[in-house]
Amino acid sequence: MFPNTILTAALLAALPAGMFDAPAAQPAAINVVAQEEMTAESLLEQVEQAAEDMQTLRCRVRYTRVQGLLADEQQRFGSFFYAAPTEEATTRFAVHLDRLKMDDRLRPIDQWFVYDGRWLLERNAASMTATRREVRSESDAAEDADTLALDDQSVPIPLRLKKEEVLRDYTVELLDDETLGDWTLHHLRLTPRPDAEGETDRVPLDLWFDSATLLLTKVVTTEGEDEIELLFAPNAMEPNAELAPGTFDTTLPDPADGWEVQEVPLG
């Protein structure tokens with residue numbers, strides 16, 4: 001499970017057609033095991049191997065949240081940016097939400113969530129408010145850790161699955177392939193093991209991977225009574241893209257420009 005850490009709460013509480021915008025060039029296909037020969041374990045192994053070659057990711061994303069018994073659906077759209085850990089920096093990510101669907105209408109929004117390995121910046125241009133929260137201590141942030149990995153349990157975006165750790169904490173089932181437009185997706189269901197060590201509040205996860213690239217394409221999970229779906233647009237996914245300077249900058253805006261800002265350290 002991905003517990004309600006500050007990352008999860010911040011990203012999910014505010015989070016979102018081509019699929020979501022103009023298509024990007026398709027990444028090169030990689031060799032995969034034929035469906036009739038594939039197992040959950042072999043797919044996990046291939047997914048882990050494919051993720052090792054991904055240093056950055058830029059894509060369009062749609063976030064859908066269905067709230068409990070009321071079935072009230074909230075949907076937001078935006079862009080997702082990711083950088084894998086290096087010798088100089090730990091995992092970083094940013095989400096820029098630019099559209100909100102309400103009453104079957106789309107309206108523009110301008111919200112950023114930026115994580116630099118230590119700080120999480122939430123910036124809302126409409127309300128001119130920004131909050132910077134310390135998620136990890138300076139010493140922890142210096143470690144070479146992948147904050148988006150499944151085992152780190154920070155946000156439900158497991159871009160870099162580790163087969164051995166997944167099988168340690170979950171039973172994994174390979175379900176039938178599904179289609180999304182012209183794409184075929186491999187479907188894995190992860191069910192928490194009752195005897196797994198560490199976190200005890202994990203919840204089931206359904207993950208879909210593009211059959212051609214093995215990139216994570218869809219995540220479905222729950223938070224309380226809410227169902228959450230995160231969908232990366234396959235036609236607007238750019239692995240190893242060059243990201244703009246400042247993409248992961250968590251500096252607070254200048255209050256002299258009219259911003260209301262707040263910094264929240266750990267402890």
# chains A, B, ... in the order shown; residues from 1 in each chain; ligands from 1
>>> residues_around(residues="segment 38-48 of chain A", least_positions_apart="4", cutoff="12 Å", atoms="only C-alpha atoms", output="ChimeraX atom specification")
/A:30-34,52-54,149-150,158-168,170-177,185-190,207-217
>>> select_by_dssp(residues="segment 86-184 of chain A", states="strand (DSSP E)", output="PyMOL selection string")
chain A and resi 92-102+105-115+119-124+129-134+170-180+183-184
>>> write_last_selection(atoms="N, CA and C atoms", output="tab-separated table (two decimals), in the first residue's frame")
chain	number	residue	atom	x	y	z
A	92	ARG	N	13.19	12.64	-8.66
A	92	ARG	CA	12.44	13.89	-8.68
A	92	ARG	C	11.23	13.73	-9.59
A	93	PHE	N	10.17	14.46	-9.27
A	93	PHE	CA	9.02	14.44	-10.16
A	93	PHE	C	8.27	15.76	-10.06
A	94	ALA	N	7.47	16.02	-11.07
A	94	ALA	CA	6.61	17.21	-11.06
A	94	ALA	C	5.33	16.89	-11.80
A	95	VAL	N	4.24	17.46	-11.33
A	95	VAL	CA	2.94	17.34	-11.99
A	95	VAL	C	2.41	18.75	-12.22
A	96	HIS	N	2.06	19.05	-13.45
A	96	HIS	CA	1.43	20.34	-13.77
A	96	HIS	C	0.02	20.07	-14.24
A	97	LEU	N	-0.95	20.43	-13.42
A	97	LEU	CA	-2.35	20.24	-13.77
A	97	LEU	C	-2.86	21.49	-14.49
A	98	ASP	N	-3.41	21.28	-15.69
A	98	ASP	CA	-3.82	22.44	-16.48
A	98	ASP	C	-5.30	22.46	-16.86
A	99	ARG	N	-6.02	21.36	-16.60
A	99	ARG	CA	-7.45	21.34	-16.93
A	99	ARG	C	-8.21	20.56	-15.87
A	100	LEU	N	-9.42	21.02	-15.57
A	100	LEU	CA	-10.31	20.37	-14.62
A	100	LEU	C	-11.65	20.14	-15.29
A	101	LYS	N	-12.17	18.92	-15.18
A	101	LYS	CA	-13.47	18.60	-15.76
A	101	LYS	C	-14.53	18.68	-14.68
A	102	MET	N	-15.50	19.57	-14.88
A	102	MET	CA	-16.61	19.73	-13.94
A	102	MET	C	-17.89	19.86	-14.74
A	105	ARG	N	-17.74	19.85	-18.38
A	105	ARG	CA	-17.06	20.98	-19.00
A	105	ARG	C	-15.62	21.02	-18.53
A	106	LEU	N	-14.72	21.41	-19.42
A	106	LEU	CA	-13.32	21.58	-19.07
A	106	LEU	C	-13.04	23.06	-18.81
A	107	ARG	N	-12.35	23.32	-17.73
A	107	ARG	CA	-11.92	24.69	-17.46
A	107	ARG	C	-10.44	24.68	-17.14
A	108	PRO	N	-9.72	25.75	-17.49
A	108	PRO	CA	-8.28	25.78	-17.26
A	108	PRO	C	-7.95	25.96	-15.78
A	109	ILE	N	-6.90	25.31	-15.34
A	109	ILE	CA	-6.33	25.51	-14.01
A	109	ILE	C	-4.82	25.59	-14.17
A	110	ASP	N	-4.13	25.98	-13.12
A	110	ASP	CA	-2.66	26.09	-13.18
A	110	ASP	C	-2.11	25.73	-11.80
A	111	GLN	N	-1.94	24.43	-11.59
A	111	GLN	CA	-1.42	23.93	-10.32
A	111	GLN	C	-0.18	23.08	-10.56
A	112	TRP	N	0.81	23.28	-9.72
A	112	TRP	CA	2.05	22.50	-9.80
A	112	TRP	C	2.28	21.76	-8.49
A	113	PHE	N	2.78	20.53	-8.62
A	113	PHE	CA	3.29	19.75	-7.50
A	113	PHE	C	4.70	19.31	-7.90
A	114	VAL	N	5.69	19.79	-7.18
A	114	VAL	CA	7.09	19.55	-7.57
A	114	VAL	C	7.83	18.95	-6.39
A	115	TYR	N	8.48	17.82	-6.63
A	115	TYR	CA	9.25	17.14	-5.59
A	115	TYR	C	10.70	17.04	-6.04
A	119	TRP	N	12.05	18.35	-0.76
A	119	TRP	CA	10.92	19.27	-0.57
A	119	TRP	C	9.82	18.99	-1.59
A	120	LEU	N	8.58	19.18	-1.17
A	120	LEU	CA	7.42	19.12	-2.07
A	120	LEU	C	6.79	20.50	-2.12
A	121	LEU	N	6.76	21.07	-3.32
A	121	LEU	CA	6.18	22.39	-3.52
A	121	LEU	C	4.80	22.25	-4.14
A	122	GLU	N	3.79	22.88	-3.52
A	122	GLU	CA	2.44	22.97	-4.08
A	122	GLU	C	2.21	24.43	-4.43
A	123	ARG	N	1.94	24.70	-5.71
A	123	ARG	CA	1.80	26.08	-6.17
A	123	ARG	C	0.53	26.21	-7.00
A	124	ASN	N	-0.35	27.12	-6.60
A	124	ASN	CA	-1.62	27.34	-7.29
A	124	ASN	C	-1.65	28.78	-7.80
A	129	THR	N	-1.21	31.04	-4.11
A	129	THR	CA	-0.74	30.43	-2.87
A	129	THR	C	0.31	29.36	-3.19
A	130	ALA	N	1.28	29.21	-2.30
A	130	ALA	CA	2.31	28.21	-2.48
A	130	ALA	C	2.77	27.72	-1.11
A	131	THR	N	2.92	26.41	-0.99
A	131	THR	CA	3.40	25.80	0.24
A	131	THR	C	4.53	24.85	-0.09
A	132	ARG	N	5.61	24.94	0.66
A	132	ARG	CA	6.74	24.05	0.48
A	132	ARG	C	6.90	23.22	1.75
A	133	ARG	N	6.76	21.88	1.60
A	133	ARG	CA	6.83	20.98	2.74
A	133	ARG	C	8.08	20.12	2.65
A	134	GLU	N	8.75	19.97	3.76
A	134	GLU	CA	9.90	19.09	3.82
A	134	GLU	C	9.40	17.66	4.02
A	170	TYR	N	3.58	-8.78	-1.95
A	170	TYR	CA	2.31	-8.94	-2.65
A	170	TYR	C	2.24	-10.31	-3.31
A	171	THR	N	1.02	-10.83	-3.43
A	171	THR	CA	0.79	-11.90	-4.39
A	171	THR	C	0.41	-11.22	-5.70
A	172	VAL	N	0.94	-11.74	-6.79
A	172	VAL	CA	0.79	-11.05	-8.08
A	172	VAL	C	0.10	-11.99	-9.06
A	173	GLU	N	-0.92	-11.46	-9.72
A	173	GLU	CA	-1.71	-12.24	-10.67
A	173	GLU	C	-1.68	-11.56	-12.04
A	174	LEU	N	-1.39	-12.35	-13.07
A	174	LEU	CA	-1.44	-11.83	-14.44
A	174	LEU	C	-2.83	-12.06	-14.99
A	175	LEU	N	-3.54	-10.98	-15.30
A	175	LEU	CA	-4.90	-11.06	-15.83
A	175	LEU	C	-4.87	-10.88	-17.34
A	176	ASP	N	-6.04	-11.00	-17.96
A	176	ASP	CA	-6.12	-10.89	-19.41
A	176	ASP	C	-5.67	-9.51	-19.89
A	177	ASP	N	-5.05	-9.49	-21.07
A	177	ASP	CA	-4.70	-8.22	-21.69
A	177	ASP	C	-5.95	-7.38	-21.93
A	178	GLU	N	-5.77	-6.07	-21.95
A	178	GLU	CA	-6.84	-5.16	-22.28
A	178	GLU	C	-6.37	-4.21	-23.37
A	179	THR	N	-7.32	-3.61	-24.06
A	179	THR	CA	-6.97	-2.65	-25.10
A	179	THR	C	-7.34	-1.25	-24.67
A	180	LEU	N	-6.55	-0.29	-25.12
A	180	LEU	CA	-6.81	1.13	-24.90
A	180	LEU	C	-6.54	1.81	-26.22
A	183	TRP	N	-3.68	0.47	-28.39
A	183	TRP	CA	-2.65	-0.11	-27.55
A	183	TRP	C	-3.17	-1.35	-26.82
A	184	THR	N	-2.29	-2.32	-26.66
A	184	THR	CA	-2.57	-3.50	-25.86
A	184	THR	C	-1.83	-3.37	-24.54
>>> residues_around(residues="Val66 of chain A", least_positions_apart="5", cutoff="8 Å", atoms="only C-alpha atoms", output="PyMOL selection string")
chain A and resi 71-74+226-228
>>> write_last_selection(atoms="N, CA and C atoms", output="mmCIF file, in the first residue's frame")
data_model
loop_
_atom_site.group_PDB
_atom_site.id
_atom_site.type_symbol
_atom_site.label_atom_id
_atom_site.label_comp_id
_atom_site.auth_asym_id
_atom_site.auth_seq_id
_atom_site.Cartn_x
_atom_site.Cartn_y
_atom_site.Cartn_z
ATOM 1 N N ALA A 71 -20.391 8.300 -5.595
ATOM 2 C CA ALA A 71 -19.943 8.128 -6.980
ATOM 3 C C ALA A 71 -19.692 9.475 -7.655
ATOM 4 N N ASP A 72 -19.266 10.453 -6.871
ATOM 5 C CA ASP A 72 -18.939 11.769 -7.411
ATOM 6 C C ASP A 72 -17.564 11.699 -8.065
ATOM 7 N N GLU A 73 -17.502 11.900 -9.383
ATOM 8 C CA GLU A 73 -16.250 11.746 -10.119
ATOM 9 C C GLU A 73 -15.580 13.088 -10.333
ATOM 10 N N GLN A 74 -14.301 13.145 -9.975
ATOM 11 C CA GLN A 74 -13.479 14.313 -10.227
ATOM 12 C C GLN A 74 -12.376 13.909 -11.199
ATOM 13 N N ASP A 226 -12.745 5.727 -1.682
ATOM 14 C CA ASP A 226 -12.585 6.322 -3.009
ATOM 15 C C ASP A 226 -11.784 5.405 -3.922
ATOM 16 N N GLU A 227 -12.169 5.374 -5.207
ATOM 17 C CA GLU A 227 -11.378 4.672 -6.212
ATOM 18 C C GLU A 227 -10.580 5.698 -6.996
ATOM 19 N N ILE A 228 -9.328 5.388 -7.232
ATOM 20 C CA ILE A 228 -8.413 6.317 -7.878
ATOM 21 C C ILE A 228 -7.827 5.670 -9.123
#
>>> residues_around(residues="Met128 of chain A", least_positions_apart="5", cutoff="10 Å", atoms="only C-alpha atoms", output="list of chain:residue names")
A:Arg123, A:Pro253, A:Pro255, A:Asp257, A:Gly258, A:Trp259, A:Glu260, A:Val261
>>> write_last_selection(atoms="N, CA and C atoms", output="PDB file, in the first residue's frame")
ATOM      1  N   ARG A 123       1.939  24.697  -5.707  1.00  0.00           N
ATOM      2  CA  ARG A 123       1.795  26.080  -6.166  1.00  0.00           C
ATOM      3  C   ARG A 123       0.530  26.209  -7.004  1.00  0.00           C
ATOM      4  N   PRO A 253       7.630  31.103  -4.542  1.00  0.00           N
ATOM      5  CA  PRO A 253       7.517  32.390  -5.253  1.00  0.00           C
ATOM      6  C   PRO A 253       7.783  33.555  -4.299  1.00  0.00           C
ATOM      7  N   PRO A 255       6.898  36.678  -2.237  1.00  0.00           N
ATOM      8  CA  PRO A 255       5.694  37.334  -1.702  1.00  0.00           C
ATOM      9  C   PRO A 255       5.516  38.750  -2.235  1.00  0.00           C
ATOM     10  N   ASP A 257       5.544  39.638  -5.087  1.00  0.00           N
ATOM     11  CA  ASP A 257       4.749  39.565  -6.308  1.00  0.00           C
ATOM     12  C   ASP A 257       3.284  39.231  -6.031  1.00  0.00           C
ATOM     13  N   GLY A 258       2.887  39.237  -4.759  1.00  0.00           N
ATOM     14  CA  GLY A 258       1.494  38.996  -4.407  1.00  0.00           C
ATOM     15  C   GLY A 258       1.187  37.582  -3.960  1.00  0.00           C
ATOM     16  N   TRP A 259       2.210  36.733  -3.824  1.00  0.00           N
ATOM     17  CA  TRP A 259       2.000  35.345  -3.421  1.00  0.00           C
ATOM     18  C   TRP A 259       1.894  35.229  -1.898  1.00  0.00           C
ATOM     19  N   GLU A 260       1.007  34.335  -1.474  1.00  0.00           N
ATOM     20  CA  GLU A 260       0.938  33.930  -0.067  1.00  0.00           C
ATOM     21  C   GLU A 260       1.706  32.617   0.060  1.00  0.00           C
ATOM     22  N   VAL A 261       2.794  32.618   0.800  1.00  0.00           N
ATOM     23  CA  VAL A 261       3.678  31.447   0.820  1.00  0.00           C
ATOM     24  C   VAL A 261       3.822  30.912   2.241  1.00  0.00           C
TER      25      VAL A 261
END
>>> closest_residue(among="A:Asn235, A:Gln67, A:Thr251, A:Thr90", to="Arg136 of chain A", atoms="only C-alpha atoms")
A:Thr90
>>> atom_distance(atom1="atom CA of Asp182 of chain A", atom2="atom CA of Lys218 of chain A")
15.0 Å
>>> atom_distance(atom1="atom CA of Phe80 of chain A", atom2="atom CA of Pro245 of chain A")
15.0 Å
>>> residues_around(residues="Leu231 of chain A", least_positions_apart="5", cutoff="10 Å", atoms="only C-alpha atoms", output="VMD selection string")
chain A and resid 16 19 to 20 60 to 64 77 208 216 to 220
>>> select_by_dssp(residues="segment 68-193 of chain A", states="alpha helix (DSSP H)", output="list in words")
Glu138, Ser139, Asp140, Ala141, Lys163, Glu164, Glu165, Val166, Leu167, Arg168 and Asp169 of chain A
>>> atom_distance(atom1="atom CA of Thr191 of chain A", atom2="atom CA of Ala233 of chain A")
25.3 Å
